[in-house]
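Visitor: I'd like to ask some things about the structure below.
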Amino acid sequence: MRKCFTSIVKHRKAVIVAYIAAMLLSLYAMQFVEVNSDLSDYLPADSRSTVDLEIMETNFTADIPNAKLLVKEIPEKEAAQLCREIAGVEGVKDVMWISDFNVAGMPLAMLPDQLTERFYRDGNAEYTLTIDEEYSTRVLDDIRALTDRETCFSGSFVDSKVIQATARKEVLITVGIVIIFAAVLLSFTMSSFYEVAALILCLIGSVLLNNGTNIIRRTISSMTNTAASVLQMGVSVDYSIFLLHRYDIYRRQMGKEDAMIEAMCTSVTSVFSSSVTTIIGFTALVFMRYRIGLDMGIVLAKGVLLSLLTAFTLLPCVILGLDDLIQKHHHTPYGERSLRIRTLSSRVKYAAMGIFVIATVISAGLQTFNSYYYGMSHLYKDSHAVMTERREIRETFGNENTMVLLVPSGHEPEEQIMMDEIRKMRSFIRATSLTELLGTGIPANMIPDSYRDLLQSDKYDRIILYFDLEEEDEQTFNAIDEIKAHASYHFGDDYHLIGNSVSTYDLKTVISADNIRINFITGSAVFFILVVTFRSLIIPLILTLCIEGSAWICMASSLLMRQTLFYIGYLVVTSILLGCTVDYAILVTSRYIEIRLTDQRDHKPVLTSVELSASSVLTSALILSAGGAGLRFLSTNQLVAQLGGLLARGAMTAAVAVLLALPGFLSLYDRAKYRKTSVNGERDGETDA
């Protein structure tokens, strides 16, 4: 490794030029990476929802409506005219309103009540739209511009496009805030503002490289897009901090090139171990059947790898280029003057260890009682415009949860019996099918061809079911079970049920099964890496307990706060916390072992290791917490916001555990292992480790 590091230092100008070229290419490539906000697309290819959706798309050319428009206080004639104008908007494939059925031009009062109440009620008009998914929210703006009446939109198209429209803006704002916070914080813990500038620039560079190389996937999820950059900065800033702190120590003793090579050689083992455990934590997500784990796992693991590469190639080259300025403006880090962690740890380490063990045991049980959201029905805050408009439509035309049921064509009597059973369900509102429309008294010649194409194919009849149900709760899942039972009784396995709630139902099954697999893979792999790193069983057990305990305490706090968690966020955060916050424990423990092996005169190696590591640990944890807090308060996506909040709590919990509780464990280990008489004639067992 020394030979490789020496070569990097000697050819630093070429390294910097190569990185600048790579970053420019990444900036260009980023514009070709698409963002997918429909998380149901990441269900396993063999899941029932995915298969049923593919069958529907194969047999029906007409798309299912994906948006609703409410126009308030609009006269009947104006509403009919607006319907025609909406149909002419670019991106609108189809618009349904009463006029589609009123081919004879009769007054609304002469049409069946069941028909009129679906589209026009108390002077308010509701249109059912099918919008091309390739278009952006500009379609909605074009439709709103057609009338000066108050309008409200809802539907899957609205949800997905609003997420896409706000995601990139939120990422830039959050990353900007994290960078500013990190720069201010690092200026207190590092010896020169030029070091801070170099670290921040290299960190931004690694994020650019990660975003640019996402072109290999072509499409990433909105969740990955929003969270990846902030998480990458938060979890990988450790590597640069650890390296620069080592460089400062050696720079006082030797020339800049030799100091950098020595710093790289002495820090590579602990940093490499930390990065490997972090990468494993993210890579474990790849084994989720829910394929968003594959998406996020690849992007985050790649980001950590690029950050590690940047920290040991680009950062040393930039630091050496700025060394004259760094030495000229060198100052004692302000953090060193104020940190009293060693004294605090000395006083409370055993009490903190005991409290941590008790809290871990209690939290391990409590966190199993957390409640979860499995789908995307709660993505927005109640105050968000999307939620406000959704409530307006519900209050005017009622709550409607839409599901689509496909049954074989040519079995009308059996279909009618099945529908009679479904109508008896307590939450049932109505159904739309050719049979149902004819049953309302609408003549066959009044049913538009577009409706026939929507509701019938050569092989299947398509029945659109409307229920007064939330998109996701136990009552909804029970209703899905009941619908499936009725369809299965009459048509065996030859039926297909599609809908957002149905996808969420499948998500619950898939994600729940992923939990045990991911935790086992992550925990086992991290423990194995720790065993290889420290060549011990006791120390890896101690470190794994500290990090797992921190994650459990973090998750149990959500129960005490009465917070319902997004299950996918819970899985992701658990893997991230286990993978990235173990860095803190590795740093402290590596310092302890290094002191024990090289300086037998130090009778308090544990406290010395805490003293030497506290600044790096706290700086890294605070930056990760700042990134998490930025996501928590700035993201309109509740899943991403919650992920950020959990990370902020988890990172600080882990830092406190490592700096206050871990010293107690290591002190007991030190007393047990080192009982021989020291150089000064004192017994280690009689001194405070």
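Ligands are numbered from 1 in the order shown, chains are lettered A, B, ... in the order of the structure tokens, and residues start at 1 in each chain.
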Find the spatial neighbours of Gln164 (chain A), counting only C-alpha atoms, within a cut-off of 9 Å - ignore same-chain residues fewer than 6 positions away - and output them as a ChimeraX atom specification.

Guide: /A:35-37,136,222

Visitor: For the selection you just gave me, I'd like the residues written to a file as a short mmCIF file (atom, residue, chain, number, x, y, z; two decimals), in the first residue's frame, keeping N, CA and C atoms.

Guide:
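Contents of part-v4.cif, freshly written:
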```cif
data_model
loop_
_atom_site.label_atom_id
_atom_site.label_comp_id
_atom_site.auth_asym_id
_atom_site.auth_seq_id
_atom_site.Cartn_x
_atom_site.Cartn_y
_atom_site.Cartn_z
N VAL A 35 -35.91 9.79 -12.83
CA VAL A 35 -36.36 9.53 -11.47
C VAL A 35 -37.75 8.92 -11.52
N ASN A 36 -37.92 7.76 -10.91
CA ASN A 36 -39.20 7.06 -10.88
C ASN A 36 -39.82 7.21 -9.49
N SER A 37 -40.99 7.83 -9.42
CA SER A 37 -41.63 8.07 -8.13
C SER A 37 -42.70 7.03 -7.80
N SER A 136 -45.24 16.02 -17.56
CA SER A 136 -44.95 16.53 -16.22
C SER A 136 -46.18 17.24 -15.66
N SER A 222 -37.33 7.83 -6.63
CA SER A 222 -37.37 9.17 -6.04
C SER A 222 -36.80 9.15 -4.63
#
```

Visitor: Could I get the residues of region 312-365 of chain A with an atom no further than 12 Å from an atom of region 370-391 of chain A, each paired with its nearest atom pair and that distance in Å to one decimal, using only C-alpha atoms, sorted by chain and residue number, as a Markdown table?

Guide:
```
| residue | atom | partner | partner_atom | distance |
| --- | --- | --- | --- | --- |
| A:Ser363 | CA | A:Asn370 | CA | 11.0 |
| A:Ala364 | CA | A:Asn370 | CA | 11.2 |
| A:Gly365 | CA | A:Asn370 | CA | 10.1 |
```

Visitor: Return as a ChimeraX atom specification the full set of residues in region 224-442 of chain A whose backbone-based DSSP assignment is alpha helix (DSSP H).

Guide: /A:224-251,256-283,292-321,323-328,334-338,341-366,385-397,412-423,434-439

Visitor: Quick one: which region 135-231 of chain A residues come within 9 Å of region 305-324 of chain A, and what is the nearest atom pair for each with the distance in Å to one decimal, counting only C-alpha atoms, rows ordered by chain and ascending number, as JSON lines?

Guide:
```
{"residue": "A:Tyr194", "atom": "CA", "partner": "A:Leu322", "partner_atom": "CA", "distance": 7.1}
{"residue": "A:Glu195", "atom": "CA", "partner": "A:Ile319", "partner_atom": "CA", "distance": 6.7}
{"residue": "A:Ala198", "atom": "CA", "partner": "A:Val318", "partner_atom": "CA", "distance": 6.4}
{"residue": "A:Leu199", "atom": "CA", "partner": "A:Leu315", "partner_atom": "CA", "distance": 6.7}
{"residue": "A:Leu201", "atom": "CA", "partner": "A:Leu315", "partner_atom": "CA", "distance": 8.8}
{"residue": "A:Cys202", "atom": "CA", "partner": "A:Leu315", "partner_atom": "CA", "distance": 6.1}
{"residue": "A:Leu203", "atom": "CA", "partner": "A:Ser307", "partner_atom": "CA", "distance": 7.1}
{"residue": "A:Gly205", "atom": "CA", "partner": "A:Thr310", "partner_atom": "CA", "distance": 8.0}
{"residue": "A:Ser206", "atom": "CA", "partner": "A:Ser307", "partner_atom": "CA", "distance": 5.3}
{"residue": "A:Val207", "atom": "CA", "partner": "A:Ser307", "partner_atom": "CA", "distance": 7.7}
{"residue": "A:Leu209", "atom": "CA", "partner": "A:Leu306", "partner_atom": "CA", "distance": 7.4}
{"residue": "A:Asn210", "atom": "CA", "partner": "A:Leu306", "partner_atom": "CA", "distance": 6.9}
```

Visitor: Select, from A:Val526, A:Asp506, A:Ser558, A:Tyr250, the residue with the minimum atom-to-atom distance to Cys265 (chain A), counting only C-alpha atoms.

Guide: A:Tyr250

Visitor: For the atom pair CA of Ile298 (chain A) and CA of Leu639 (chain A), what is the interatomic distance in Å to one decimal place?

Guide: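 Spanning CA of Ile298 (chain A) to CA of Leu639 (chain A) is a straight-line distance of 19.4 Å.
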
Visitor: Which residues come within 8 Å of Ala352 (chain A), counting only C-alpha atoms, excluding same-chain residues fewer than 5 positions away, as a ChimeraX atom specification?

Guide: /A:657,660-661,664

Visitor: Would you output that residue set with C-alpha atoms, as a CSV table (one decimal), in the first residue's frame?

Guide:
```csv
chain,number,residue,atom,x,y,z
A,657,ALA,CA,-22.9,5.0,23.2
A,660,LEU,CA,-19.7,7.0,27.0
A,661,ALA,CA,-20.8,3.3,27.2
A,664,GLY,CA,-16.9,0.9,30.1
```

Visitor: Can you tell me which residues surround Leu647 (chain A) at a distance of at most 7 Å, considering only C-alpha atoms, apart from same-chain residues fewer than 4 positions away, and format the answer as a PyMOL selection string?

Guide: chain A and resi 573+625+628+643+651

Visitor: Could you take the residues named above and write them with N, CA and C atoms, as a compact mmCIF listing (two decimals), in the first residue's frame?

Guide:
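Contents of result_29.txt, freshly written:
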```txt
# COMPACT_ATOMS: atom_id res chain seq x y z
N VAL A 573 -32.98 2.27 7.28
CA VAL A 573 -32.27 2.94 8.37
C VAL A 573 -31.54 1.93 9.24
N SER A 625 -26.13 13.74 11.43
CA SER A 625 -27.37 14.19 12.06
C SER A 625 -27.91 15.43 11.37
N GLY A 628 -29.52 14.28 8.22
CA GLY A 628 -30.81 13.67 8.54
C GLY A 628 -31.85 14.71 8.93
N LEU A 643 -37.01 8.98 7.31
CA LEU A 643 -35.71 8.34 7.22
C LEU A 643 -34.64 9.28 7.76
N ALA A 651 -27.65 8.36 14.68
CA ALA A 651 -26.24 8.74 14.66
C ALA A 651 -25.80 9.31 16.01
```

Visitor: Show which residues sit within 9 Å of Phe153 (chain A), as a list in words. Count only C-alpha atoms, and ignore same-chain residues fewer than 2 positions away.

Guide: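 In the requested form, the answer reads Ala67, Lys68, Leu69, Leu70, Leu140, Thr151, Gly155, Val158, Val386, Glu389, Arg390 and Ile393 of chain A.
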
Visitor: Would you write out those residues with all heavy atoms, as a JSON list (two decimals), in the first residue's frame?

Guide:
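So the final result, stored in again12.json, reads:
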```
[["chain", "number", "residue", "atom", "x", "y", "z"],
["A", 67, "ALA", "N", -56.21, 10.35, -12.66],
["A", 67, "ALA", "CA", -56.35, 11.65, -12.00],
["A", 67, "ALA", "C", -57.82, 12.06, -11.94],
["A", 67, "ALA", "O", -58.64, 11.63, -12.77],
["A", 67, "ALA", "CB", -55.55, 12.73, -12.74],
["A", 68, "LYS", "N", -58.13, 12.86, -10.93],
["A", 68, "LYS", "CA", -59.46, 13.45, -10.80],
["A", 68, "LYS", "C", -59.33, 14.96, -10.72],
["A", 68, "LYS", "O", -58.38, 15.47, -10.12],
["A", 68, "LYS", "CB", -60.18, 12.93, -9.55],
["A", 68, "LYS", "CG", -60.66, 11.50, -9.65],
["A", 68, "LYS", "CD", -61.44, 11.11, -8.40],
["A", 68, "LYS", "CE", -61.97, 9.69, -8.50],
["A", 68, "LYS", "NZ", -62.76, 9.31, -7.30],
["A", 69, "LEU", "N", -60.29, 15.64, -11.31],
["A", 69, "LEU", "CA", -60.31, 17.10, -11.27],
["A", 69, "LEU", "C", -61.65, 17.57, -10.73],
["A", 69, "LEU", "O", -62.70, 17.18, -11.24],
["A", 69, "LEU", "CB", -60.10, 17.68, -12.68],
["A", 69, "LEU", "CG", -60.41, 19.18, -12.85],
["A", 69, "LEU", "CD1", -59.47, 20.03, -12.01],
["A", 69, "LEU", "CD2", -60.34, 19.58, -14.32],
["A", 70, "LEU", "N", -61.60, 18.37, -9.68],
["A", 70, "LEU", "CA", -62.81, 18.99, -9.13],
["A", 70, "LEU", "C", -62.82, 20.46, -9.51],
["A", 70, "LEU", "O", -61.83, 21.17, -9.30],
["A", 70, "LEU", "CB", -62.82, 18.86, -7.60],
["A", 70, "LEU", "CG", -63.86, 19.69, -6.85],
["A", 70, "LEU", "CD1", -65.27, 19.22, -7.18],
["A", 70, "LEU", "CD2", -63.61, 19.66, -5.34],
["A", 140, "LEU", "N", -51.14, 19.69, -15.64],
["A", 140, "LEU", "CA", -52.09, 20.17, -14.63],
["A", 140, "LEU", "C", -52.22, 21.69, -14.68],
["A", 140, "LEU", "O", -53.32, 22.23, -14.55],
["A", 140, "LEU", "CB", -51.64, 19.72, -13.23],
["A", 140, "LEU", "CG", -51.36, 18.21, -13.05],
["A", 140, "LEU", "CD1", -50.94, 17.93, -11.62],
["A", 140, "LEU", "CD2", -52.58, 17.39, -13.43],
["A", 151, "THR", "N", -60.06, 25.00, -8.57],
["A", 151, "THR", "CA", -59.84, 23.61, -9.02],
["A", 151, "THR", "C", -59.02, 22.83, -8.00],
["A", 151, "THR", "O", -58.19, 23.40, -7.28],
["A", 151, "THR", "CB", -59.12, 23.58, -10.38],
["A", 151, "THR", "OG1", -57.86, 24.27, -10.25],
["A", 151, "THR", "CG2", -59.95, 24.22, -11.47],
["A", 155, "GLY", "N", -55.00, 11.93, -7.39],
["A", 155, "GLY", "CA", -54.77, 10.74, -8.20],
["A", 155, "GLY", "C", -53.31, 10.37, -8.27],
["A", 155, "GLY", "O", -52.42, 11.14, -7.87],
["A", 158, "VAL", "N", -50.92, 12.77, -10.14],
["A", 158, "VAL", "CA", -50.60, 13.97, -9.36],
["A", 158, "VAL", "C", -49.53, 13.65, -8.32],
["A", 158, "VAL", "O", -48.53, 14.37, -8.19],
["A", 158, "VAL", "CB", -51.87, 14.52, -8.68],
["A", 158, "VAL", "CG1", -51.54, 15.76, -7.86],
["A", 158, "VAL", "CG2", -52.94, 14.83, -9.71],
["A", 386, "VAL", "N", -51.08, 18.89, -2.03],
["A", 386, "VAL", "CA", -51.64, 17.65, -2.57],
["A", 386, "VAL", "C", -52.69, 17.09, -1.61],
["A", 386, "VAL", "O", -53.78, 16.66, -2.03],
["A", 386, "VAL", "CB", -50.53, 16.61, -2.81],
["A", 386, "VAL", "CG1", -51.13, 15.24, -3.08],
["A", 386, "VAL", "CG2", -49.66, 17.04, -3.99],
["A", 389, "GLU", "N", -55.94, 19.42, -1.45],
["A", 389, "GLU", "CA", -56.83, 19.25, -2.60],
["A", 389, "GLU", "C", -57.51, 17.87, -2.57],
["A", 389, "GLU", "O", -58.67, 17.73, -2.94],
["A", 389, "GLU", "CB", -56.05, 19.44, -3.90],
["A", 389, "GLU", "CG", -55.54, 20.87, -4.08],
["A", 389, "GLU", "CD", -55.05, 21.16, -5.48],
["A", 389, "GLU", "OE1", -55.26, 20.31, -6.38],
["A", 389, "GLU", "OE2", -54.46, 22.23, -5.70],
["A", 390, "ARG", "N", -56.78, 16.87, -2.10],
["A", 390, "ARG", "CA", -57.38, 15.54, -1.98],
["A", 390, "ARG", "C", -58.56, 15.57, -1.01],
["A", 390, "ARG", "O", -59.60, 14.95, -1.26],
["A", 390, "ARG", "CB", -56.32, 14.54, -1.52],
["A", 390, "ARG", "CG", -56.81, 13.09, -1.47],
["A", 390, "ARG", "CD", -55.73, 12.17, -0.92],
["A", 390, "ARG", "NE", -54.55, 12.16, -1.75],
["A", 390, "ARG", "CZ", -53.42, 11.52, -1.42],
["A", 390, "ARG", "NH1", -53.35, 10.86, -0.27],
["A", 390, "ARG", "NH2", -52.38, 11.54, -2.23],
["A", 393, "ILE", "N", -61.72, 17.18, -2.58],
["A", 393, "ILE", "CA", -62.45, 16.27, -3.47],
["A", 393, "ILE", "C", -63.23, 15.25, -2.66],
["A", 393, "ILE", "O", -64.39, 14.93, -2.97],
["A", 393, "ILE", "CB", -61.47, 15.58, -4.45],
["A", 393, "ILE", "CG1", -60.87, 16.63, -5.40],
["A", 393, "ILE", "CG2", -62.18, 14.48, -5.24],
["A", 393, "ILE", "CD1", -59.82, 16.08, -6.34]]
```

Visitor: Measuring between only C-alpha atoms, which one of A:Asn401, A:Ala182, A:His486, A:Met190 shows the shortest distance to Asp420 (chain A)?

Guide: A:His486

Visitor: Rank A:Ile518, A:Gln367, A:Thr266, A:Thr224 by their smallest atom-to-atom distance to Leu559 (chain A), using only C-alpha atoms, and report the top residue only.

Guide: A:Gln367

Visitor: So the first atom is CA of Glu392 (chain A) and the second is CA of Glu474 (chain A); what is the distance between them in Å, to one decimal place?

Guide: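 Taking CA of Glu392 (chain A) and CA of Glu474 (chain A), their separation equals 24.6 Å.
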
Visitor: What is the distance, in Å and to one decimal place, between CA of Val33 (chain A) and CA of Arg632 (chain A)?

Guide: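 For CA of Val33 (chain A) relative to CA of Arg632 (chain A), the distance reads 24.8 Å.
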
Visitor: If we count only C-alpha atoms and set the cut-off at 7 Å, which residues sit around Ile529 (chain A), ignoring sequence neighbours fewer than 4 positions away in its own chain? Please answer as a list in words.

Guide: Thr277, Ala525 and Thr533 of chain A

Visitor: Take the residues that were just selected and, keeping N, CA and C atoms, output them as a CSV table (one decimal), in the first residue's frame.

Guide:
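In the end it all went to part_7.csv:
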```
chain,number,residue,atom,x,y,z
A,277,THR,N,-17.7,-2.3,6.3
A,277,THR,CA,-18.9,-2.5,7.0
A,277,THR,C,-20.0,-1.6,6.6
A,525,ALA,N,-22.4,-10.3,8.4
A,525,ALA,CA,-21.3,-9.8,7.6
A,525,ALA,C,-20.5,-8.8,8.4
A,533,THR,N,-10.9,-8.0,11.3
A,533,THR,CA,-10.1,-6.8,11.6
A,533,THR,C,-9.4,-6.9,12.9
```
